[in-house]
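**Q** Contents of input-v6.pdb (PDB, C-alpha atoms) are given next:
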ATOM      1  CA  MET U   1     115.258 113.913  97.388  1.00  0.00           C
ATOM      2  CA  VAL U   2     115.525 110.135  97.171  1.00  0.00           C
ATOM      3  CA  LYS U   3     117.754 110.116 100.269  1.00  0.00           C
ATOM      4  CA  TYR U   4     115.140 112.103 102.132  1.00  0.00           C
ATOM      5  CA  GLN U   5     112.402 109.699 101.113  1.00  0.00           C
ATOM      6  CA  GLU U   6     114.558 106.753 102.178  1.00  0.00           C
ATOM      7  CA  ALA U   7     114.937 108.269 105.661  1.00  0.00           C
ATOM      8  CA  ASP U   8     111.181 108.841 105.671  1.00  0.00           C
ATOM      9  CA  LEU U   9     110.528 105.209 104.831  1.00  0.00           C
ATOM     10  CA  ASN U  10     112.872 104.041 107.599  1.00  0.00           C
ATOM     11  CA  ASP U  11     110.869 106.018 110.137  1.00  0.00           C
ATOM     12  CA  ILE U  12     107.482 105.028 108.740  1.00  0.00           C
ATOM     13  CA  PHE U  13     108.168 101.285 108.633  1.00  0.00           C
ATOM     14  CA  ALA U  14     109.894 101.359 112.049  1.00  0.00           C
ATOM     15  CA  ALA U  15     106.872 103.170 113.498  1.00  0.00           C
ATOM     16  CA  LEU U  16     104.533 100.540 112.022  1.00  0.00           C
ATOM     17  CA  ALA U  17     106.591  97.654 113.456  1.00  0.00           C
ATOM     18  CA  ASP U  18     104.997  97.915 116.897  1.00  0.00           C
ATOM     19  CA  PRO U  19     101.533  96.455 117.666  1.00  0.00           C
ATOM     20  CA  THR U  20     100.595  99.199 120.160  1.00  0.00           C
ATOM     21  CA  ARG U  21     101.464 101.886 117.626  1.00  0.00           C
ATOM     22  CA  ARG U  22      99.424 100.104 114.948  1.00  0.00           C
ATOM     23  CA  ALA U  23      96.534  99.854 117.430  1.00  0.00           C
ATOM     24  CA  LEU U  24      96.806 103.590 118.162  1.00  0.00           C
ATOM     25  CA  LEU U  25      96.573 104.323 114.439  1.00  0.00           C
ATOM     26  CA  ALA U  26      93.612 101.959 114.125  1.00  0.00           C
ATOM     27  CA  ARG U  27      91.854 103.846 116.937  1.00  0.00           C
ATOM     28  CA  LEU U  28      92.487 107.142 115.175  1.00  0.00           C
ATOM     29  CA  GLU U  29      91.112 105.609 111.996  1.00  0.00           C
ATOM     30  CA  GLN U  30      87.816 104.711 113.713  1.00  0.00           C
ATOM     31  CA  ASP U  31      87.228 108.178 115.133  1.00  0.00           C
ATOM     32  CA  GLU U  32      86.808 110.825 112.502  1.00  0.00           C
ATOM     33  CA  ASP U  33      87.703 113.604 114.943  1.00  0.00           C
ATOM     34  CA  ALA U  34      91.038 114.236 116.550  1.00  0.00           C
ATOM     35  CA  LEU U  35      91.376 112.626 119.991  1.00  0.00           C
ATOM     36  CA  SER U  36      93.022 113.884 123.146  1.00  0.00           C
ATOM     37  CA  VAL U  37      95.999 111.920 124.439  1.00  0.00           C
ATOM     38  CA  SER U  38      94.023 110.533 127.389  1.00  0.00           C
ATOM     39  CA  GLU U  39      91.056 109.528 125.182  1.00  0.00           C
ATOM     40  CA  LEU U  40      93.512 107.821 122.903  1.00  0.00           C
ATOM     41  CA  ALA U  41      95.319 106.049 125.747  1.00  0.00           C
ATOM     42  CA  GLU U  42      92.137 104.929 127.526  1.00  0.00           C
ATOM     43  CA  PRO U  43      91.501 101.500 125.918  1.00  0.00           C
ATOM     44  CA  PHE U  44      95.152 100.474 126.142  1.00  0.00           C
ATOM     45  CA  ASP U  45      96.628  98.482 128.965  1.00  0.00           C
ATOM     46  CA  VAL U  46      99.766 100.593 128.794  1.00  0.00           C
ATOM     47  CA  SER U  47     100.879 103.492 131.014  1.00  0.00           C
ATOM     48  CA  LEU U  48     100.265 107.048 129.820  1.00  0.00           C
ATOM     49  CA  PRO U  49     104.018 107.774 129.527  1.00  0.00           C
ATOM     50  CA  ALA U  50     104.386 104.638 127.394  1.00  0.00           C
ATOM     51  CA  VAL U  51     101.543 105.809 125.138  1.00  0.00           C
ATOM     52  CA  MET U  52     103.143 109.234 124.874  1.00  0.00           C
ATOM     53  CA  LYS U  53     106.422 107.626 123.845  1.00  0.00           C
ATOM     54  CA  HIS U  54     104.623 105.688 121.105  1.00  0.00           C
ATOM     55  CA  LEU U  55     102.872 108.875 119.965  1.00  0.00           C
ATOM     56  CA  LYS U  56     106.238 110.591 119.740  1.00  0.00           C
ATOM     57  CA  VAL U  57     107.503 107.863 117.403  1.00  0.00           C
ATOM     58  CA  LEU U  58     104.340 108.082 115.276  1.00  0.00           C
ATOM     59  CA  SER U  59     104.567 111.853 115.088  1.00  0.00           C
ATOM     60  CA  GLY U  60     108.304 111.656 114.291  1.00  0.00           C
ATOM     61  CA  ALA U  61     107.420 109.446 111.330  1.00  0.00           C
ATOM     62  CA  GLY U  62     104.778 111.974 110.275  1.00  0.00           C
ATOM     63  CA  LEU U  63     101.944 109.457 110.711  1.00  0.00           C
ATOM     64  CA  ILE U  64     100.012 111.601 113.200  1.00  0.00           C
ATOM     65  CA  ALA U  65      99.716 115.334 113.786  1.00  0.00           C
ATOM     66  CA  ARG U  66      99.205 117.191 117.059  1.00  0.00           C
ATOM     67  CA  GLN U  67      96.759 120.057 117.273  1.00  0.00           C
ATOM     68  CA  LYS U  68      96.923 122.264 120.344  1.00  0.00           C
ATOM     69  CA  THR U  69      93.582 123.791 121.329  1.00  0.00           C
ATOM     70  CA  GLY U  70      94.019 125.763 124.540  1.00  0.00           C
ATOM     71  CA  ARG U  71      95.601 123.378 126.984  1.00  0.00           C
ATOM     72  CA  THR U  72      94.553 120.125 125.302  1.00  0.00           C
ATOM     73  CA  VAL U  73      96.613 118.451 122.648  1.00  0.00           C
ATOM     74  CA  ARG U  74      94.501 116.544 120.163  1.00  0.00           C
ATOM     75  CA  ILE U  75      95.891 113.908 117.855  1.00  0.00           C
ATOM     76  CA  ARG U  76      94.732 113.195 114.344  1.00  0.00           C
ATOM     77  CA  LEU U  77      95.802 110.718 111.706  1.00  0.00           C
ATOM     78  CA  GLN U  78      98.056 112.043 108.973  1.00  0.00           C
ATOM     79  CA  PRO U  79      97.715 109.403 106.317  1.00  0.00           C
ATOM     80  CA  GLU U  80      99.870 110.890 103.550  1.00  0.00           C
ATOM     81  CA  LYS U  81     102.959 109.147 104.854  1.00  0.00           C
ATOM     82  CA  MET U  82     101.179 105.807 104.808  1.00  0.00           C
ATOM     83  CA  ALA U  83     100.467 106.470 101.147  1.00  0.00           C
ATOM     84  CA  HIS U  84     104.214 106.785 100.787  1.00  0.00           C
ATOM     85  CA  ALA U  85     104.787 103.339 102.377  1.00  0.00           C
ATOM     86  CA  MET U  86     102.058 101.856 100.222  1.00  0.00           C
ATOM     87  CA  GLU U  87     103.621 103.362  97.113  1.00  0.00           C
ATOM     88  CA  TRP U  88     106.831 101.550  97.978  1.00  0.00           C
ATOM     89  CA  LEU U  89     105.018  98.228  98.450  1.00  0.00           C
ATOM     90  CA  LYS U  90     103.044  98.637  95.208  1.00  0.00           C
ATOM     91  CA  ARG U  91     106.211  97.969  93.243  1.00  0.00           C
ATOM     92  CA  TYR U  92     105.991  94.354  94.434  1.00  0.00           C
ATOM     93  CA  GLU U  93     102.297  94.001  93.814  1.00  0.00           C
ATOM     94  CA  ARG U  94     102.820  92.487  90.356  1.00  0.00           C
ATOM     95  CA  PHE U  95     104.545  89.536  92.043  1.00  0.00           C
ATOM     96  CA  TRP U  96     101.537  88.433  93.975  1.00  0.00           C
ATOM     97  CA  THR U  97      99.072  89.341  91.238  1.00  0.00           C
ATOM     98  CA  ASP U  98     101.252  87.373  88.756  1.00  0.00           C
ATOM     99  CA  ARG U  99     101.111  84.394  91.076  1.00  0.00           C
ATOM    100  CA  LEU U 100      97.365  84.676  91.438  1.00  0.00           C
ATOM    101  CA  ASP U 101      97.029  84.941  87.641  1.00  0.00           C
ATOM    102  CA  ARG U 102      99.155  81.815  87.189  1.00  0.00           C
ATOM    103  CA  LEU U 103      97.108  80.000  89.816  1.00  0.00           C
ATOM    104  CA  ALA U 104      93.850  81.049  88.124  1.00  0.00           C
ATOM    105  CA  ALA U 105      95.200  79.895  84.729  1.00  0.00           C
ATOM    106  CA  PHE U 106      96.247  76.582  86.249  1.00  0.00           C
ATOM    107  CA  VAL U 107      92.860  75.978  87.857  1.00  0.00           C
ATOM    108  CA  GLU U 108      91.039  76.971  84.659  1.00  0.00           C
ATOM    109  CA  ASN U 109      93.261  74.645  82.652  1.00  0.00           C
ATOM    110  CA  ALA U 110      92.749  71.790  85.091  1.00  0.00           C
ATOM    111  CA  ALA U 111      88.994  72.327  84.993  1.00  0.00           C
ATOM    112  CA  GLN U 112      88.974  72.236  81.171  1.00  0.00           C
ATOM    113  CA  ASN U 113      91.014  69.018  81.108  1.00  0.00           C
ATOM    114  CA  GLU U 114      88.649  67.425  83.575  1.00  0.00           C
ATOM    115  CA  THR U 115      85.441  68.221  81.693  1.00  0.00           C
ATOM    116  CA  PRO U 116      85.059  64.559  80.531  1.00  0.00           C
ATOM    117  CA  THR U 117      84.292  62.329  83.541  1.00  0.00           C
ATOM    118  CA  HIS U 118      87.290  60.087  82.766  1.00  0.00           C
ATOM    119  CA  PRO U 119      90.738  61.401  81.772  1.00  0.00           C
ATOM    120  CA  ALA U 120      90.807  61.493  77.967  1.00  0.00           C
ATOM    121  CA  ALA U 121      94.439  60.781  77.021  1.00  0.00           C
ATOM    122  CA  PRO U 122      95.277  57.556  78.945  1.00  0.00           C
ATOM    123  CA  GLN U 123      91.978  55.887  77.967  1.00  0.00           C
ATOM    124  CA  ASP U 124      92.562  56.703  74.315  1.00  0.00           C
ATOM    125  CA  GLN U 125      95.884  54.898  74.545  1.00  0.00           C
ATOM    126  CA  GLU U 126      94.227  51.837  76.105  1.00  0.00           C
ATOM    127  CA  ASP U 127      91.609  51.845  73.394  1.00  0.00           C
ATOM    128  CA  GLN U 128      94.197  51.751  70.618  1.00  0.00           C
TER
ATOM    129  CA  MET H   1      95.170  83.828 114.394  1.00  0.00           C
ATOM    130  CA  VAL H   2      95.065  87.605 114.807  1.00  0.00           C
ATOM    131  CA  LYS H   3      97.922  87.423 117.333  1.00  0.00           C
ATOM    132  CA  TYR H   4      99.978  85.456 114.840  1.00  0.00           C
ATOM    133  CA  GLN H   5      99.320  88.000 112.128  1.00  0.00           C
ATOM    134  CA  GLU H   6     100.254  90.816 114.496  1.00  0.00           C
ATOM    135  CA  ALA H   7     103.630  89.163 115.163  1.00  0.00           C
ATOM    136  CA  ASP H   8     104.007  88.719 111.413  1.00  0.00           C
ATOM    137  CA  LEU H   9     103.361  92.412 110.823  1.00  0.00           C
ATOM    138  CA  ASN H  10     105.908  93.380 113.484  1.00  0.00           C
ATOM    139  CA  ASP H  11     108.577  91.373 111.666  1.00  0.00           C
ATOM    140  CA  ILE H  12     107.573  92.548 108.201  1.00  0.00           C
ATOM    141  CA  PHE H  13     107.531  96.261 109.030  1.00  0.00           C
ATOM    142  CA  ALA H  14     110.747  95.984 111.088  1.00  0.00           C
ATOM    143  CA  ALA H  15     112.432  94.227 108.158  1.00  0.00           C
ATOM    144  CA  LEU H  16     111.299  96.997 105.788  1.00  0.00           C
ATOM    145  CA  ALA H  17     112.616  99.745 108.101  1.00  0.00           C
ATOM    146  CA  ASP H  18     116.197  99.395 106.857  1.00  0.00           C
ATOM    147  CA  PRO H  19     117.383 100.957 103.558  1.00  0.00           C
ATOM    148  CA  THR H  20     119.849  98.147 102.749  1.00  0.00           C
ATOM    149  CA  ARG H  21     117.138  95.539 103.254  1.00  0.00           C
ATOM    150  CA  ARG H  22     114.757  97.507 101.022  1.00  0.00           C
ATOM    151  CA  ALA H  23     117.519  97.764  98.414  1.00  0.00           C
ATOM    152  CA  LEU H  24     118.076  93.993  98.603  1.00  0.00           C
ATOM    153  CA  LEU H  25     114.376  93.426  97.967  1.00  0.00           C
ATOM    154  CA  ALA H  26     114.463  95.917  95.086  1.00  0.00           C
ATOM    155  CA  ARG H  27     117.362  93.997  93.555  1.00  0.00           C
ATOM    156  CA  LEU H  28     115.427  90.730  93.857  1.00  0.00           C
ATOM    157  CA  GLU H  29     112.470  92.457  92.242  1.00  0.00           C
ATOM    158  CA  GLN H  30     114.549  93.412  89.172  1.00  0.00           C
ATOM    159  CA  ASP H  31     115.878  89.894  88.563  1.00  0.00           C
ATOM    160  CA  GLU H  32     113.206  87.386  87.775  1.00  0.00           C
ATOM    161  CA  ASP H  33     115.426  84.470  88.822  1.00  0.00           C
ATOM    162  CA  ALA H  34     116.674  83.642  92.269  1.00  0.00           C
ATOM    163  CA  LEU H  35     120.117  85.107  93.004  1.00  0.00           C
ATOM    164  CA  SER H  36     123.047  83.654  94.915  1.00  0.00           C
ATOM    165  CA  VAL H  37     124.078  85.447  98.085  1.00  0.00           C
ATOM    166  CA  SER H  38     127.272  86.794  96.475  1.00  0.00           C
ATOM    167  CA  GLU H  39     125.411  87.994  93.348  1.00  0.00           C
ATOM    168  CA  LEU H  40     122.977  89.701  95.628  1.00  0.00           C
ATOM    169  CA  ALA H  41     125.689  91.276  97.783  1.00  0.00           C
ATOM    170  CA  GLU H  42     127.815  92.447  94.838  1.00  0.00           C
ATOM    171  CA  PRO H  43     126.415  95.951  94.198  1.00  0.00           C
ATOM    172  CA  PHE H  44     126.314  96.832  97.887  1.00  0.00           C
ATOM    173  CA  ASP H  45     129.031  98.659  99.724  1.00  0.00           C
ATOM    174  CA  VAL H  46     128.471  96.419 102.740  1.00  0.00           C
ATOM    175  CA  SER H  47     130.449  93.395 103.956  1.00  0.00           C
ATOM    176  CA  LEU H  48     129.186  89.925 103.055  1.00  0.00           C
ATOM    177  CA  PRO H  49     128.486  89.067 106.734  1.00  0.00           C
ATOM    178  CA  ALA H  50     126.425  92.272 107.019  1.00  0.00           C
ATOM    179  CA  VAL H  51     124.443  91.303 103.920  1.00  0.00           C
ATOM    180  CA  MET H  52     123.890  87.824 105.344  1.00  0.00           C
ATOM    181  CA  LYS H  53     122.594  89.359 108.556  1.00  0.00           C
ATOM    182  CA  HIS H  54     120.128  91.480 106.583  1.00  0.00           C
ATOM    183  CA  LEU H  55     119.047  88.416 104.587  1.00  0.00           C
ATOM    184  CA  LYS H  56     118.419  86.582 107.844  1.00  0.00           C
ATOM    185  CA  VAL H  57     116.079  89.361 108.978  1.00  0.00           C
ATOM    186  CA  LEU H  58     114.274  89.345 105.611  1.00  0.00           C
ATOM    187  CA  SER H  59     113.918  85.583 105.657  1.00  0.00           C
ATOM    188  CA  GLY H  60     112.760  85.663 109.304  1.00  0.00           C
ATOM    189  CA  ALA H  61     109.980  88.027 108.225  1.00  0.00           C
ATOM    190  CA  GLY H  62     109.120  85.647 105.377  1.00  0.00           C
ATOM    191  CA  LEU H  63     109.924  88.250 102.703  1.00  0.00           C
ATOM    192  CA  ILE H  64     112.514  86.069 100.948  1.00  0.00           C
ATOM    193  CA  ALA H  65     112.990  82.336 100.559  1.00  0.00           C
ATOM    194  CA  ARG H  66     116.227  80.373 100.327  1.00  0.00           C
ATOM    195  CA  GLN H  67     116.585  77.590  97.798  1.00  0.00           C
ATOM    196  CA  LYS H  68     119.552  75.250  98.164  1.00  0.00           C
ATOM    197  CA  THR H  69     120.826  73.827  94.877  1.00  0.00           C
ATOM    198  CA  GLY H  70     123.886  71.714  95.597  1.00  0.00           C
ATOM    199  CA  ARG H  71     126.217  73.956  97.504  1.00  0.00           C
ATOM    200  CA  THR H  72     124.798  77.291  96.406  1.00  0.00           C
ATOM    201  CA  VAL H  73     122.003  78.985  98.250  1.00  0.00           C
ATOM    202  CA  ARG H  74     119.814  81.061  95.980  1.00  0.00           C
ATOM    203  CA  ILE H  75     117.475  83.737  97.231  1.00  0.00           C
ATOM    204  CA  ARG H  76     114.146  84.643  95.746  1.00  0.00           C
ATOM    205  CA  LEU H  77     111.515  87.168  96.646  1.00  0.00           C
ATOM    206  CA  GLN H  78     108.498  85.884  98.558  1.00  0.00           C
ATOM    207  CA  PRO H  79     105.993  88.646  98.062  1.00  0.00           C
ATOM    208  CA  GLU H  80     102.970  87.196  99.876  1.00  0.00           C
ATOM    209  CA  LYS H  81     104.025  88.780 103.150  1.00  0.00           C
ATOM    210  CA  MET H  82     104.299  92.169 101.504  1.00  0.00           C
ATOM    211  CA  ALA H  83     100.706  91.694 100.398  1.00  0.00           C
ATOM    212  CA  HIS H  84      99.935  91.243 104.068  1.00  0.00           C
ATOM    213  CA  ALA H  85     101.596  94.583 104.940  1.00  0.00           C
ATOM    214  CA  MET H  86      99.785  96.269 102.077  1.00  0.00           C
ATOM    215  CA  GLU H  87      96.484  94.835 103.243  1.00  0.00           C
ATOM    216  CA  TRP H  88      97.067  96.485 106.604  1.00  0.00           C
ATOM    217  CA  LEU H  89      97.857  99.843 104.983  1.00  0.00           C
ATOM    218  CA  LYS H  90      94.821  99.655 102.663  1.00  0.00           C
ATOM    219  CA  ARG H  91      92.562 100.268 105.659  1.00  0.00           C
ATOM    220  CA  TYR H  92      93.914 103.826 105.705  1.00  0.00           C
ATOM    221  CA  GLU H  93      93.695 104.341 101.986  1.00  0.00           C
ATOM    222  CA  ARG H  94      90.250 105.956 102.218  1.00  0.00           C
ATOM    223  CA  PHE H  95      91.850 108.777 104.206  1.00  0.00           C
ATOM    224  CA  TRP H  96      94.113 109.910 101.459  1.00  0.00           C
ATOM    225  CA  THR H  97      91.631 109.153  98.664  1.00  0.00           C
ATOM    226  CA  ASP H  98      88.994 111.142 100.611  1.00  0.00           C
ATOM    227  CA  ARG H  99      91.403 114.036 100.807  1.00  0.00           C
ATOM    228  CA  LEU H 100      92.174 113.806  97.092  1.00  0.00           C
ATOM    229  CA  ASP H 101      88.438 113.688  96.326  1.00  0.00           C
ATOM    230  CA  ARG H 102      87.849 116.766  98.440  1.00  0.00           C
ATOM    231  CA  LEU H 103      90.733 118.516  96.730  1.00  0.00           C
ATOM    232  CA  ALA H 104      89.396 117.564  93.274  1.00  0.00           C
ATOM    233  CA  ALA H 105      85.905 118.801  94.218  1.00  0.00           C
ATOM    234  CA  PHE H 106      87.387 122.049  95.472  1.00  0.00           C
ATOM    235  CA  VAL H 107      89.411 122.623  92.289  1.00  0.00           C
ATOM    236  CA  GLU H 108      86.412 121.732  90.084  1.00  0.00           C
ATOM    237  CA  ASN H 109      84.210 124.086  92.028  1.00  0.00           C
ATOM    238  CA  ALA H 110      86.768 126.877  91.835  1.00  0.00           C
ATOM    239  CA  ALA H 111      87.162 126.302  88.078  1.00  0.00           C
ATOM    240  CA  GLN H 112      83.365 126.445  87.510  1.00  0.00           C
ATOM    241  CA  ASN H 113      83.091 129.702  89.410  1.00  0.00           C
ATOM    242  CA  GLU H 114      85.877 131.157  87.340  1.00  0.00           C
ATOM    243  CA  THR H 115      84.688 130.050  83.871  1.00  0.00           C
ATOM    244  CA  PRO H 116      83.335 133.464  82.773  1.00  0.00           C
ATOM    245  CA  THR H 117      86.001 136.181  82.784  1.00  0.00           C
ATOM    246  CA  HIS H 118      83.736 138.186  85.048  1.00  0.00           C
ATOM    247  CA  PRO H 119      81.519 136.632  87.744  1.00  0.00           C
ATOM    248  CA  ALA H 120      78.281 135.492  86.008  1.00  0.00           C
ATOM    249  CA  ALA H 121      75.574 136.245  88.541  1.00  0.00           C
ATOM    250  CA  PRO H 122      76.129 139.979  89.000  1.00  0.00           C
ATOM    251  CA  GLN H 123      76.346 140.513  85.203  1.00  0.00           C
ATOM    252  CA  ASP H 124      73.037 138.657  84.604  1.00  0.00           C
ATOM    253  CA  GLN H 125      71.441 140.920  87.144  1.00  0.00           C
ATOM    254  CA  GLU H 126      72.787 143.938  85.318  1.00  0.00           C
ATOM    255  CA  ASP H 127      71.350 142.672  81.977  1.00  0.00           C
ATOM    256  CA  GLN H 128      67.842 142.290  83.399  1.00  0.00           C
TER
END
Give the structure from the file, written as structure tokens.

**A**
Amino acid sequence: MVKYQEADLNDIFAALADPTRRALLARLEQDEDALSVSELAEPFDVSLPAVMKHLKVLSGAGLIARQKTGRTVRIRLQPEKMAHAMEWLKRYERFWTDRLDRLAAFVENAAQNETPTHPAAPQDQEDQ
Amino acid sequence: MVKYQEADLNDIFAALADPTRRALLARLEQDEDALSVSELAEPFDVSLPAVMKHLKVLSGAGLIARQKTGRTVRIRLQPEKMAHAMEWLKRYERFWTDRLDRLAAFVENAAQNETPTHPAAPQDQEDQ
């Protein structure tokens, strides 16, 4: 089971590592309906065979699904696998939230110490 | 700026597409402190040069940082770039949450219709 998920993650992350493939997913995200391959390829400055190759990688990773209606193949986003990738990344989320918390605490602390217009401690020492 | 981020995402997702590299990150996630390269390599059934190659990819993607203390290089997790990858994935989150919402609504609806042992409406009509 874990092995299978590992292989899944390899494919998902590898599929996401290409800017054209990410752009294809972004286009599918904008359109609610499934798109035909030529509709999908239209805004890209890439040949149709190149687009089809990218779609094959995305479909191999399970990120898109093909629906055949008559002679046209329509493509739709299949986001469950992205949830899988996100789940993996979430494990590390505490690291950046911890850092943000520490930063917030530091700023808050600094602000409290700066409430008097002049720094309190050194002046006190001069006064004594 | 966007171009730069795109290149960043290419490197991040490509770095995450390998199971040994993900396992190295997971090991760094478990230990709060930075680890030496040999400590890090120890549990893996991979040669030290292979581990160093993987670390180079991870550091190239900005996912880990190297700290040199004297002669030892210590590695620590640098999670900000993972936040970047997660940010990209979050755009698609609504797709799977939408699906879960629809599923929840469907189940709730089905449960409401099944609350009485016999369908309510026809029985009410019989009582009248």

**Q** Name the closest residue to chain H among the candidates U:Ala7, U:Leu24, U:Leu63, U:Leu48; distances are taken between atoms, counting only C-alpha atoms.

**A** U:Ala7

**Q** I'd like the interatomic distance between atom CA of U:Asp11 and atom CA of U:Glu87, to a tenth of an Å.

**A**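 Atom-to-atom, atom CA of U:Asp11 and atom CA of U:Glu87 are spaced 15.1 Å apart.
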
**Q** So, with only C-alpha atoms as the atoms that count, which of H:Gln78, H:Asn10, H:Ser59, H:Gln5 lies closest to chain U?

**A**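 Closest to chain U, using only C-alpha atoms: H:Asn10.
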
**Q** With all Cα atoms paired residue by residue, do a least-squares superposition of chain U on chain H and hand back the transformed coordinates as a short mmCIF file (atom, residue, chain, number, x, y, z; two decimals) with C-alpha atoms, in the frame of the given file.

**A**
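So selection-v8.cif came out as:
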data_model
loop_
_atom_site.label_atom_id
_atom_site.label_comp_id
_atom_site.auth_asym_id
_atom_site.auth_seq_id
_atom_site.Cartn_x
_atom_site.Cartn_y
_atom_site.Cartn_z
CA MET U 1 95.33 84.16 114.79
CA VAL U 2 95.09 87.95 114.94
CA LYS U 3 97.93 88.03 117.49
CA TYR U 4 100.06 85.98 115.14
CA GLN U 5 99.34 88.31 112.25
CA GLU U 6 100.17 91.31 114.43
CA ALA U 7 103.59 89.81 115.22
CA ASP U 8 104.01 89.14 111.50
CA LEU U 9 103.24 92.75 110.67
CA ASN U 10 105.75 93.99 113.26
CA ASP U 11 108.48 91.96 111.60
CA ILE U 12 107.46 92.86 108.06
CA PHE U 13 107.28 96.62 108.63
CA ALA U 14 110.49 96.60 110.71
CA ALA U 15 112.26 94.71 107.91
CA LEU U 16 111.04 97.28 105.36
CA ALA U 17 112.25 100.22 107.49
CA ASP U 18 115.84 99.92 106.28
CA PRO U 19 116.98 101.30 102.88
CA THR U 20 119.56 98.53 102.29
CA ARG U 21 116.94 95.86 102.95
CA ARG U 22 114.50 97.59 100.59
CA ALA U 23 117.28 97.77 97.97
CA LEU U 24 117.97 94.04 98.42
CA LEU U 25 114.30 93.30 97.81
CA ALA U 26 114.30 95.59 94.77
CA ARG U 27 117.29 93.66 93.37
CA LEU U 28 115.46 90.38 93.90
CA GLU U 29 112.45 91.87 92.15
CA GLN U 30 114.51 92.69 89.03
CA ASP U 31 115.98 89.21 88.69
CA GLU U 32 113.41 86.55 88.06
CA ASP U 33 115.74 83.79 89.28
CA ALA U 34 116.98 83.25 92.78
CA LEU U 35 120.36 84.87 93.45
CA SER U 36 123.32 83.66 95.46
CA VAL U 37 124.29 85.70 98.50
CA SER U 38 127.44 87.04 96.82
CA GLU U 39 125.56 87.97 93.61
CA LEU U 40 123.03 89.74 95.76
CA ALA U 41 125.67 91.56 97.82
CA GLU U 42 127.78 92.60 94.82
CA PRO U 43 126.26 96.01 93.92
CA PHE U 44 126.09 97.13 97.55
CA ASP U 45 128.74 99.16 99.27
CA VAL U 46 128.23 97.13 102.42
CA SER U 47 130.31 94.26 103.84
CA LEU U 48 129.19 90.69 103.20
CA PRO U 49 128.49 90.06 106.91
CA ALA U 50 126.34 93.20 106.97
CA VAL U 51 124.40 91.96 103.93
CA MET U 52 123.96 88.57 105.58
CA LYS U 53 122.59 90.26 108.69
CA HIS U 54 120.06 92.15 106.56
CA LEU U 55 119.11 88.92 104.78
CA LYS U 56 118.52 87.29 108.14
CA VAL U 57 116.07 90.04 109.08
CA LEU U 58 114.29 89.74 105.71
CA SER U 59 114.07 85.98 106.01
CA GLY U 60 112.88 86.27 109.64
CA ALA U 61 110.03 88.45 108.38
CA GLY U 62 109.27 85.85 105.71
CA LEU U 63 110.01 88.30 102.88
CA ILE U 64 112.69 86.11 101.28
CA ALA U 65 113.30 82.37 101.14
CA ARG U 66 116.60 80.51 101.03
CA GLN U 67 117.07 77.58 98.70
CA LYS U 68 120.11 75.38 99.25
CA THR U 69 121.44 73.77 96.07
CA GLY U 70 124.59 71.82 96.90
CA ARG U 71 126.85 74.24 98.67
CA THR U 72 125.29 77.47 97.37
CA VAL U 73 122.44 79.19 99.09
CA ARG U 74 120.19 81.04 96.67
CA ILE U 75 117.75 83.70 97.74
CA ARG U 76 114.39 84.38 96.19
CA LEU U 77 111.65 86.88 96.91
CA GLN U 78 108.69 85.61 98.89
CA PRO U 79 106.09 88.24 98.20
CA GLU U 80 103.11 86.80 100.08
CA LYS U 81 104.07 88.62 103.25
CA MET U 82 104.22 91.92 101.39
CA ALA U 83 100.66 91.23 100.31
CA HIS U 84 99.90 91.01 104.00
CA ALA U 85 101.42 94.47 104.65
CA MET U 86 99.58 95.88 101.67
CA GLU U 87 96.31 94.41 102.93
CA TRP U 88 96.83 96.31 106.17
CA LEU U 89 97.50 99.58 104.33
CA LYS U 90 94.49 99.12 102.03
CA ARG U 91 92.20 99.86 104.95
CA TYR U 92 93.41 103.47 104.77
CA GLU U 93 93.19 103.73 101.02
CA ARG U 94 89.70 105.25 101.13
CA PHE U 95 91.19 108.25 102.95
CA TRP U 96 93.44 109.28 100.14
CA THR U 97 90.98 108.30 97.42
CA ASP U 98 88.28 110.32 99.27
CA ARG U 99 90.61 113.30 99.30
CA LEU U 100 91.37 112.92 95.62
CA ASP U 101 87.63 112.65 94.89
CA ARG U 102 86.95 115.82 96.87
CA LEU U 103 89.79 117.59 95.08
CA ALA U 104 88.45 116.46 91.68
CA ALA U 105 84.93 117.64 92.63
CA PHE U 106 86.34 120.98 93.75
CA VAL U 107 88.30 121.50 90.54
CA GLU U 108 85.32 120.46 88.41
CA ASN U 109 83.08 122.83 90.35
CA ALA U 110 85.57 125.68 90.03
CA ALA U 111 85.87 125.05 86.30
CA GLN U 112 82.07 125.13 85.87
CA ASN U 113 81.80 128.40 87.80
CA GLU U 114 84.51 129.94 85.68
CA THR U 115 82.98 129.06 82.31
CA PRO U 116 81.87 132.70 81.71
CA THR U 117 84.95 134.92 81.21
CA HIS U 118 83.86 137.24 84.05
CA PRO U 119 82.50 136.01 87.41
CA ALA U 120 78.71 135.91 87.07
CA ALA U 121 77.38 136.72 90.56
CA PRO U 122 79.20 139.96 91.52
CA GLN U 123 78.59 141.55 88.09
CA ASP U 124 74.89 140.74 88.30
CA GLN U 125 74.77 142.63 91.58
CA GLU U 126 76.50 145.65 90.02
CA ASP U 127 74.09 145.57 87.13
CA GLN U 128 71.05 145.73 89.40
#

**Q** Please evaluate the PyMOL selection byres ((chain U) within 12 of (chain H)) against the displayed coordinates and give the resulting residues as a PyMOL selection string.

**A** chain U and resi 2-23+25-32+61+63+76-100
